[in-house]
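Here the structure comes first, spelled out in C-alpha cells, and everything after it is commentary.
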Amino acid sequence: MANKKIPAAASIDSEPRDTQIFLNSILENIPNMIFVKDAQHLRFVRFNRAGEELLGIPAKDMIGKNDFDFFPRQEADFFTKKDRDVLNEKKLVDIPEEPIHTKNKGLRYLHTKKIPIMDEHGHPLFLLGISEDITDQKNTAEALQTSYEQLDARVQKRTAELTALNEELRREVEERRRVEEALRESEERYRTVLSALNEGVILIDRHGRILAANPSAERILGFSKGQVLNATEREWGTVQEEGSTSLEEFFMARALRTGETTINAVTGLRRSDGRAIWLMGNTQPLFRINEKEPYAVVASFFDITERKEMEAQITKLNSELEQKVERRTEELTAANKELESFSYSVSHDLRAPLRAIEGFAGILMEDHAPKLEAEAKRLLETIRQNAKHMSQLIDDLLNFARVGRHPLAKQTIDLTRLVQSVIEETSELTVNQQVLVDLKPLSPALGDETLLRQVFRNLLSNAYKFSRLQKSPRVEIGCSLGGPHPIYYVRDNGVGFDMQYADKLFGVFQRLHSKSEFEGTGVGLAIVQRIVHRHGGKVWGESSPRGGATFYFTLPSVAPS
Amino acid sequence: MTGTLIELLLVEDNASDMELTVRALQKHHFGDHLQWVKDGAEALDFVFARGPYLDRIAAVPPKMILLDLKLPKVSGMEVLREIRANQRTHSWPIVIFTSSKQERDVRDAYQLGVNSYVVKPVDFDEYSATLGVIAQYWLTTNQQASL
C-alpha cells in the first residue's frame with residue numbers, strides 16, 4: 001500500500017516534493033481515518049486509506065462530495081454542525097464519541113478531533129478531521145462495563161448472601177452461647193443441688209471407676225476431699241451383718257453387670273479406712289443408643305449404719321424382751337401349777353380332817369347316844385353343821401378359782417333357751433314354793449355356754465332363795481335393749497338388800513344376810529361377777545326400799561348379720 | 001394273814017378315813033376279809049405278792065380294791081396304772097375313793113381303766129351310805145372274771 005500512488009492535492013502543490021511524499025506517506029499510513037474538507041462547502045478534499053477502509057468507500061469517490069452524500073441525514077447534520085463549530089470558533093473540537101454508519105462494517109463509533117486550518121490571515125481554509133475507530137474499544141468497554149455490572153451484581157448478591165449467612169451464623173453463635181450459658185447454669189444448679197444433697201451420688205464407668213462424686217459421697221465412702229475420683233468400687237469389700245466379709249455383690253457392680261435399675265438395695269461395705277458401714281441406695285445404669293451394656297451407672301445412697309445399728313439394738317432388745325416374757329410366762333406357769341396343786345391339796349387334804357370331824361361326831365352321836373345329854377347332842381350337831389359348811393366353802397372357793405382359769409370358748413348363745421334349761425335344772429330348789437317365773441325373750445349373746453349357764457344358775461338360785469318368804473314369790477328374767485349392749489337382768493320380789501352395802505355384793509365370802517336367815521357361802525355373786533368380767537361385761541345390783549332385788553349384767557352383743 | 005381270803009383291799013393313808021371306812025363297812029356287814037394298806041408301795045406289794053405279801057402268789061384276787069388317789073410313796077394313779085399293765089391283775093376291779101373332784105383326776109382314772117370313781121362325801125351319813133352301796137355292788141352283785 002505504501003507504493004500506491006498518492007493522489008495530488010491542489011493546495012499543497014507548493015510544498016517541496018520530498019516533503020510532500022513523506023507527509024503523504026505519513027498521512028496514508030496512519031491507522032486513523034484522516035480527512036480534509038474545504039472550509040467553504042465542506043466537501044472532502046483529502047481522505048486517507050484508513051478512512052477508505054473504515055467507511056468502505058474509495059477516496060476517489062469521496063473527494064468533492066460532502067457528508068450528506070454518504071451518511072444518513074441525522075448523522076450528516078451532526079457532522080456538518082460540528083464542522084461549522086470548528087470553523088467558526090477556529091479551534092479544535094474533540095468529539096469523544098460519534099456514531100457513523102459505514103458501508104461494510106455497519107455502525108461504528110469514532111473518536112474524532114476536528115481542527116481548523118487557516119491561511120496567513122487567519123481565515124479558515126480547510127477542516128482537518130482525525131477519527132479513531134473506537135468501536136472495538138467501546139465494545140470492550142461496554143463488555144467490560146456489562147461484565148463489571150454483572151460482577152458487581154454477583155458481588156452484591158454474594159455479599160448479601162454472605163451477610164445473611166453471617167447473620168445466621170451470628171444468630172447461631174448467639175444461640176449456642178445462650179444454650180451453653182443455660183447449660184452451664186443448669187449444670188451449676190445440679191452441682192449445687194448435688195453438693196447440698198445429704199445423699200451420696202456417684203457416677204461410675206463400666207470399669208467401676210468413679211467419674212464424679214458429690215461431697216456427701218466422699219464423706220460416706222470415707223475419702224478426703226477430691227480423692228474419690230478414679231477410685232474403683234473394688235477398693236471396698238462388702239460385709240455381712242456381723243462384720244465378716246461377704247461374697248455378696250455390691251449393688252453398683254450388680255447394676256453394671258446386669259444393666260438393671262436397683263431401688264433401695266442394702267449393702268454393707270468396708271471402707272478403705274477399715275470401717276464397716278451400711279448403705280441403702282438406688283442405681284440407674286446409663287446406656288448409649290444401640291448399646292446393650294451400660295457405659296456408666298449413677299448410684300445414689302445414704303448411710304444407714306446408725307439405723308442398722310439401731311435395728312440391731314431393737315432386735316437385741318426385742319429378743320431380751322422375748323426372753324423376759326418367756327421367763328415371766330415360765331414363772332406364771334409355775335405359779336399356776338402351784339395354784340393348781342394348792343387347790344388340789346385344798347380339795348383333798350382339807351376335806352379329810354373335816355370328814356373326820358363330821359364322821360366321828362356322827363359316830364359319837366350314833367353309837368353313844370344313850371350316854372349323851374341333850375345339850376351334848378346339840379353341840380355335836382353344831383360341830384357337824386360347821387364341818388359341812390366348811391366343806392361347802394371349800395367347794396365354792398374351788399369353783400370360784402376354776403371359773404377364773406376356765407378357758408373361754410365363745411360362741412353365739414341362744415340365752416332364752418339356755419335360761420329355760422337352767423329354770424328346769426333348778427326346779428328342785430322351788431319344790432316347796434310356788435314361784436312365778438317369768439322368762440322374757442333374751443337377746444342372743446357371744447359367750448362361753450358353761451360359764452353363762454353358771455351365771456344364770458347362781459342368779460336364779462339367789463332369786464329363789466331370797467324370795468321364798470314372800471307370799472307369792474315372783475322372778476323375772478329379761479333384757480333391755482337400746483344401749484350399746486343389751487342389759488340382761490334377773491329380778492325378784494324377795495327381801496332385797498341394803499343399797500348402802502351394794503358394793504359388797506360381789507366380794508368373795510361377802511354376805512348381806514345372816515346365815516340363820518339365808519344359807520350360803522357368799523361366793524355365788526363373786527362367781528357371777530368374775531364370769532361377766534371375763535366376758536368384758538359389767539354387773540351391778542339394785543334393790544328398792546320396798547324389797548326386791550334386780551341384778552343386771554351386760555355381755556358383748558352378737559353383731560347383726 | 002398269809003394266803004387268807006381278802007375280798008377288799010383298802011388303800012388309804014389317812015387313819016381317820018380308814019377308821020370311818022371300816023366302821024361304815026362294818027355297819028353294812030362288809031367288814032370281814034378286809035386288808036388295809038397305808039401307801040401305794042404297800043398296795044403294789046400286796047397285789048404283786050412281793051415283800052411281806054410273798055405268800056399271796058396263789059391267793060384268790062380281791063373282789064374290789066378301794067383306792068385313794070393321794071398316797072405316800074406311789075400315787076393311787078400309779079398303782080392303778082401298774083395293776084392294769086400286768087396281765088395277771090389287769091382286770092381286777094378297782095374303785096377310786098377320793099376327796100378329789102378334779103376333772104383331770106376323773107378323766108385320767110377312767111383313761112387308765114378304773115371301774116368306778118367315787119368322791120368321798122363329807123357328811124358321815126352320806127359317806128356311810130355310799131360305801132354300803134359300793135360294797136354291796138362289788139362284793140356281792142358283781143361277777144368277777146375267773147383266772
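Chain lettering (A, B, ...) mirrors the order of the C-alpha cells, residue numbering begins at 1 for each chain separately, and ligand numbering begins at 1 in order of display.
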
Inset, instruction - Do me a favour and pick out the residues of chain B within 10 Å of chain A, using only C-alpha atoms, as JSON, numbers by chain. - result: {"B": [14, 15, 16, 17, 18, 19, 20, 21, 23, 24, 69, 70, 98, 99, 100, 101, 102, 105, 120, 121, 122, 123, 124, 125, 126, 127, 128]}

Inset, instruction - Please run DSSP on the backbone and report, as a PyMOL selection string, all residues within chain B that come out as helix (DSSP H, G or I). - result: chain B and resi 15-27+40-47+51-58+76-85+103-111+124-141

Inset, instruction - To one decimal in Å, tell me the separation between CA of Gly113 in chain B and CA of Ile65 in chain B. - result: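 Distance reported for this atom pair: 13.2 Å.
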
Inset, instruction - Could you please determine the separation between CA of Lys114 in chain A and CA of Lys82 in chain A in Å, to one decimal place? - result: 8.1 Å

Nearby residues (only C-alpha atoms) at most 12 Å from Thr140 in chain B, same-chain spacing under 2 positions excluded, as an mmCIF file with N, CA, C and O atoms, in the first residue's frame:
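The new file out16.cif reads:
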```cif
data_model
loop_
_atom_site.group_PDB
_atom_site.id
_atom_site.type_symbol
_atom_site.label_atom_id
_atom_site.label_comp_id
_atom_site.auth_asym_id
_atom_site.auth_seq_id
_atom_site.Cartn_x
_atom_site.Cartn_y
_atom_site.Cartn_z
ATOM 1 N N GLU B 7 -61.212 -110.113 150.489
ATOM 2 C CA GLU B 7 -62.174 -109.696 149.465
ATOM 3 C C GLU B 7 -62.022 -108.237 149.087
ATOM 4 O O GLU B 7 -62.328 -107.840 147.970
ATOM 5 N N LEU B 8 -61.561 -107.442 150.084
ATOM 6 C CA LEU B 8 -61.483 -105.998 149.844
ATOM 7 C C LEU B 8 -60.124 -105.462 150.276
ATOM 8 O O LEU B 8 -59.734 -105.641 151.423
ATOM 9 N N HIS B 29 -72.121 -104.661 157.338
ATOM 10 C CA HIS B 29 -71.695 -106.063 157.428
ATOM 11 C C HIS B 29 -70.732 -106.472 156.322
ATOM 12 O O HIS B 29 -70.796 -107.560 155.787
ATOM 13 N N PHE B 30 -69.868 -105.571 155.956
ATOM 14 C CA PHE B 30 -68.850 -105.927 154.973
ATOM 15 C C PHE B 30 -67.442 -105.761 155.555
ATOM 16 O O PHE B 30 -66.498 -105.574 154.821
ATOM 17 N N LYS B 63 -62.064 -108.974 145.616
ATOM 18 C CA LYS B 63 -63.213 -108.639 144.781
ATOM 19 C C LYS B 63 -63.257 -107.148 144.449
ATOM 20 O O LYS B 63 -63.936 -106.733 143.508
ATOM 21 N N MET B 64 -62.555 -106.373 145.251
ATOM 22 C CA MET B 64 -62.510 -104.933 144.991
ATOM 23 C C MET B 64 -61.288 -104.312 145.650
ATOM 24 O O MET B 64 -60.915 -104.697 146.747
ATOM 25 N N GLY B 132 -71.757 -98.371 151.652
ATOM 26 C CA GLY B 132 -72.661 -99.523 151.687
ATOM 27 C C GLY B 132 -73.036 -99.950 150.281
ATOM 28 O O GLY B 132 -72.974 -101.136 149.924
ATOM 29 N N VAL B 133 -73.395 -98.967 149.452
ATOM 30 C CA VAL B 133 -73.784 -99.257 148.069
ATOM 31 C C VAL B 133 -72.624 -99.870 147.293
ATOM 32 O O VAL B 133 -72.784 -100.872 146.588
ATOM 33 N N ILE B 134 -71.445 -99.268 147.439
ATOM 34 C CA ILE B 134 -70.265 -99.747 146.708
ATOM 35 C C ILE B 134 -69.955 -101.200 147.085
ATOM 36 O O ILE B 134 -69.774 -102.062 146.216
ATOM 37 N N ALA B 135 -69.899 -101.431 148.379
ATOM 38 C CA ALA B 135 -69.544 -102.773 148.852
ATOM 39 C C ALA B 135 -70.577 -103.797 148.407
ATOM 40 O O ALA B 135 -70.234 -104.883 147.926
ATOM 41 N N GLN B 136 -71.828 -103.406 148.551
ATOM 42 C CA GLN B 136 -72.912 -104.298 148.146
ATOM 43 C C GLN B 136 -72.726 -104.719 146.692
ATOM 44 O O GLN B 136 -72.812 -105.890 146.344
ATOM 45 N N TYR B 137 -72.442 -103.724 145.885
ATOM 46 C CA TYR B 137 -72.332 -103.999 144.454
ATOM 47 C C TYR B 137 -71.135 -104.881 144.116
ATOM 48 O O TYR B 137 -71.264 -105.934 143.491
ATOM 49 N N TRP B 138 -69.921 -104.436 144.529
ATOM 50 C CA TRP B 138 -68.710 -105.132 144.106
ATOM 51 C C TRP B 138 -68.459 -106.445 144.841
ATOM 52 O O TRP B 138 -67.892 -107.368 144.253
ATOM 53 N N ASN B 142 -71.540 -107.997 141.798
ATOM 54 C CA ASN B 142 -70.670 -108.093 140.627
ATOM 55 C C ASN B 142 -70.080 -109.488 140.456
ATOM 56 O O ASN B 142 -69.678 -110.129 141.412
ATOM 57 N N GLN B 143 -70.045 -109.963 139.217
ATOM 58 C CA GLN B 143 -69.425 -111.255 138.917
ATOM 59 C C GLN B 143 -68.010 -111.002 138.418
ATOM 60 O O GLN B 143 -67.793 -110.339 137.408
ATOM 61 N N GLN B 144 -67.059 -111.567 139.149
ATOM 62 C CA GLN B 144 -65.663 -111.342 138.821
ATOM 63 C C GLN B 144 -65.197 -112.333 137.760
ATOM 64 O O GLN B 144 -65.683 -113.446 137.685
#
```

Inset, instruction - One decimal, Å: what's the distance from CA of Glu12 in chain B over to CA of Asn336 in chain A, could you say? - result: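 If I compute the distance from CA of Glu12 in chain B to CA of Asn336 in chain A, I get 28.4 Å.
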
So which residues touch Tyr110 in chain B within 12 Å, counting only C-alpha atoms, skipping near sequence neighbours fewer than 4 positions away, as a compact mmCIF listing (two decimals) with C-alpha atoms, in the first residue's frame?
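Output below, filename part02.txt:
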```
# COMPACT_ATOMS: atom_id res chain seq x y z
CA MET B 77 -52.92 -93.25 139.81
CA LEU B 80 -53.89 -98.16 139.03
CA ARG B 81 -51.57 -97.99 136.03
CA ARG B 84 -53.79 -102.52 134.65
CA ILE B 94 -60.71 -101.04 141.20
CA VAL B 95 -62.84 -98.22 142.65
CA ILE B 96 -61.24 -94.86 143.24
CA GLU B 103 -61.96 -83.25 136.43
CA ARG B 104 -58.43 -84.13 135.42
CA ASP B 105 -58.25 -86.88 138.03
CA VAL B 106 -61.59 -88.33 136.95
CA VAL B 114 -60.70 -97.66 136.54
CA ASN B 115 -64.04 -99.43 137.17
CA SER B 116 -65.61 -96.65 139.20
CA TYR B 117 -64.77 -93.22 140.58
CA VAL B 118 -66.44 -92.12 143.80
```

Inset, instruction - Quick one: pick out all strand (DSSP E) residues within chain B from a backbone DSSP run and write them as a PyMOL selection string. - result: chain B and resi 8-11+34-37+64-67+94-98+116-119

Expected file contents, prior selection, N, CA and C atoms, as a short mmCIF file (atom, residue, chain, number, x, y, z; two decimals), in the first residue's frame:
```cif
data_model
loop_
_atom_site.label_atom_id
_atom_site.label_comp_id
_atom_site.auth_asym_id
_atom_site.auth_seq_id
_atom_site.Cartn_x
_atom_site.Cartn_y
_atom_site.Cartn_z
N LEU B 8 -61.56 -107.44 150.08
CA LEU B 8 -61.48 -106.00 149.84
C LEU B 8 -60.12 -105.46 150.28
N LEU B 9 -59.42 -104.85 149.32
CA LEU B 9 -58.15 -104.20 149.66
C LEU B 9 -58.42 -102.72 149.77
N LEU B 10 -58.19 -102.16 150.97
CA LEU B 10 -58.40 -100.73 151.20
C LEU B 10 -57.04 -100.03 151.19
N VAL B 11 -56.86 -99.14 150.20
CA VAL B 11 -55.60 -98.39 150.12
C VAL B 11 -55.89 -96.97 150.59
N LEU B 34 -61.04 -107.96 155.00
CA LEU B 34 -60.56 -106.65 154.53
C LEU B 34 -59.09 -106.49 154.86
N GLN B 35 -58.33 -105.99 153.88
CA GLN B 35 -56.91 -105.71 154.14
C GLN B 35 -56.69 -104.21 153.91
N TRP B 36 -56.09 -103.58 154.93
CA TRP B 36 -55.78 -102.14 154.82
C TRP B 36 -54.30 -101.96 154.55
N VAL B 37 -53.91 -101.23 153.52
CA VAL B 37 -52.51 -100.84 153.29
C VAL B 37 -52.42 -99.32 153.27
N MET B 64 -62.55 -106.37 145.25
CA MET B 64 -62.51 -104.93 144.99
C MET B 64 -61.29 -104.31 145.65
N ILE B 65 -60.68 -103.36 144.92
CA ILE B 65 -59.63 -102.54 145.55
C ILE B 65 -60.22 -101.14 145.68
N LEU B 66 -60.32 -100.66 146.92
CA LEU B 66 -60.81 -99.31 147.17
C LEU B 66 -59.57 -98.43 147.29
N LEU B 67 -59.38 -97.58 146.28
CA LEU B 67 -58.07 -96.91 146.12
C LEU B 67 -58.19 -95.40 146.27
N ILE B 94 -61.30 -102.14 140.41
CA ILE B 94 -60.71 -101.04 141.20
C ILE B 94 -61.71 -99.88 141.26
N VAL B 95 -61.97 -99.40 142.46
CA VAL B 95 -62.84 -98.22 142.65
C VAL B 95 -62.00 -97.13 143.31
N ILE B 96 -61.94 -96.01 142.63
CA ILE B 96 -61.24 -94.86 143.24
C ILE B 96 -62.19 -94.26 144.27
N PHE B 97 -61.66 -94.04 145.47
CA PHE B 97 -62.44 -93.43 146.54
C PHE B 97 -61.60 -92.31 147.09
N THR B 98 -61.97 -91.08 146.72
CA THR B 98 -61.07 -89.96 146.97
C THR B 98 -61.82 -88.69 147.32
N SER B 116 -64.67 -97.63 138.65
CA SER B 116 -65.61 -96.65 139.20
C SER B 116 -64.82 -95.54 139.89
N TYR B 117 -65.43 -94.35 139.93
CA TYR B 117 -64.77 -93.22 140.58
C TYR B 117 -65.78 -92.59 141.53
N VAL B 118 -65.49 -92.62 142.81
CA VAL B 118 -66.44 -92.12 143.80
C VAL B 118 -65.76 -91.08 144.67
N VAL B 119 -66.47 -89.93 144.85
CA VAL B 119 -65.94 -88.86 145.70
C VAL B 119 -66.44 -89.07 147.12
#
```

Inset, instruction - Would you mind telling me which residue in B:Ile83, B:Ala129, B:Leu112, B:Leu139 lies nearest to Leu44 in chain B when using only C-alpha atoms? - result: B:Ile83

Inset, instruction - Skip range 50-66 of chain A itself and residues of its chain fewer than 6 positions away, then list as a list in words all residues within 9 Å of it, counting only C-alpha atoms. - result: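 Surrounding residues, per the criterion: Pro7, Glu28, Asn29, Ile30, Pro31, Asn32, Met33, Ile34, Phe35, Lys37, His41, Leu42, Arg43, Phe44, Ala76, Thr80, Ile100, His101, Thr102, Lys103, Asn104, Lys105, Gly106, Arg108, Ser131 and Asp133 of chain A.
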
Selection near range 212-225 of chain A, 9 Å with only C-alpha atoms, sequence-local residues under 6 positions removed, as a short mmCIF file (atom, residue, chain, number, x, y, z; two decimals) with C-alpha atoms, in the first residue's frame:
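That gives us out21.cif:
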```cif
data_model
loop_
_atom_site.label_atom_id
_atom_site.label_comp_id
_atom_site.auth_asym_id
_atom_site.auth_seq_id
_atom_site.Cartn_x
_atom_site.Cartn_y
_atom_site.Cartn_z
CA ARG A 191 -23.90 -29.27 91.01
CA LEU A 194 -25.74 -32.40 94.36
CA SER A 195 -23.39 -30.64 96.74
CA ALA A 196 -26.22 -29.81 99.08
CA LEU A 197 -27.63 -33.34 98.98
CA ASN A 198 -27.17 -35.37 102.09
CA GLU A 199 -27.31 -38.42 99.89
CA GLY A 200 -24.12 -39.55 98.29
CA VAL A 201 -24.21 -39.55 94.50
CA ILE A 202 -21.50 -41.06 92.32
CA LEU A 203 -21.09 -41.81 88.67
CA ILE A 204 -19.01 -44.86 87.85
CA TRP A 236 -14.02 -51.63 99.47
CA ARG A 271 -14.28 -48.62 103.61
CA SER A 272 -10.62 -48.21 102.87
CA ASP A 273 -10.16 -46.95 106.44
CA ARG A 275 -14.81 -49.02 108.97
CA ILE A 277 -20.80 -49.12 107.00
CA LEU A 279 -25.65 -48.22 102.58
CA SER A 300 -27.26 -42.55 94.99
CA PHE A 301 -27.08 -43.83 98.52
CA PHE A 302 -27.19 -42.86 102.12
CA ASP A 303 -25.52 -44.17 105.20
#
```

Legend entry - Pick from A:Glu187, A:Glu375, A:Asp38, A:Glu476 nearest to Val437 in chain A, counting only C-alpha atoms: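 Nearest to Val437 in chain A: A:Glu476.
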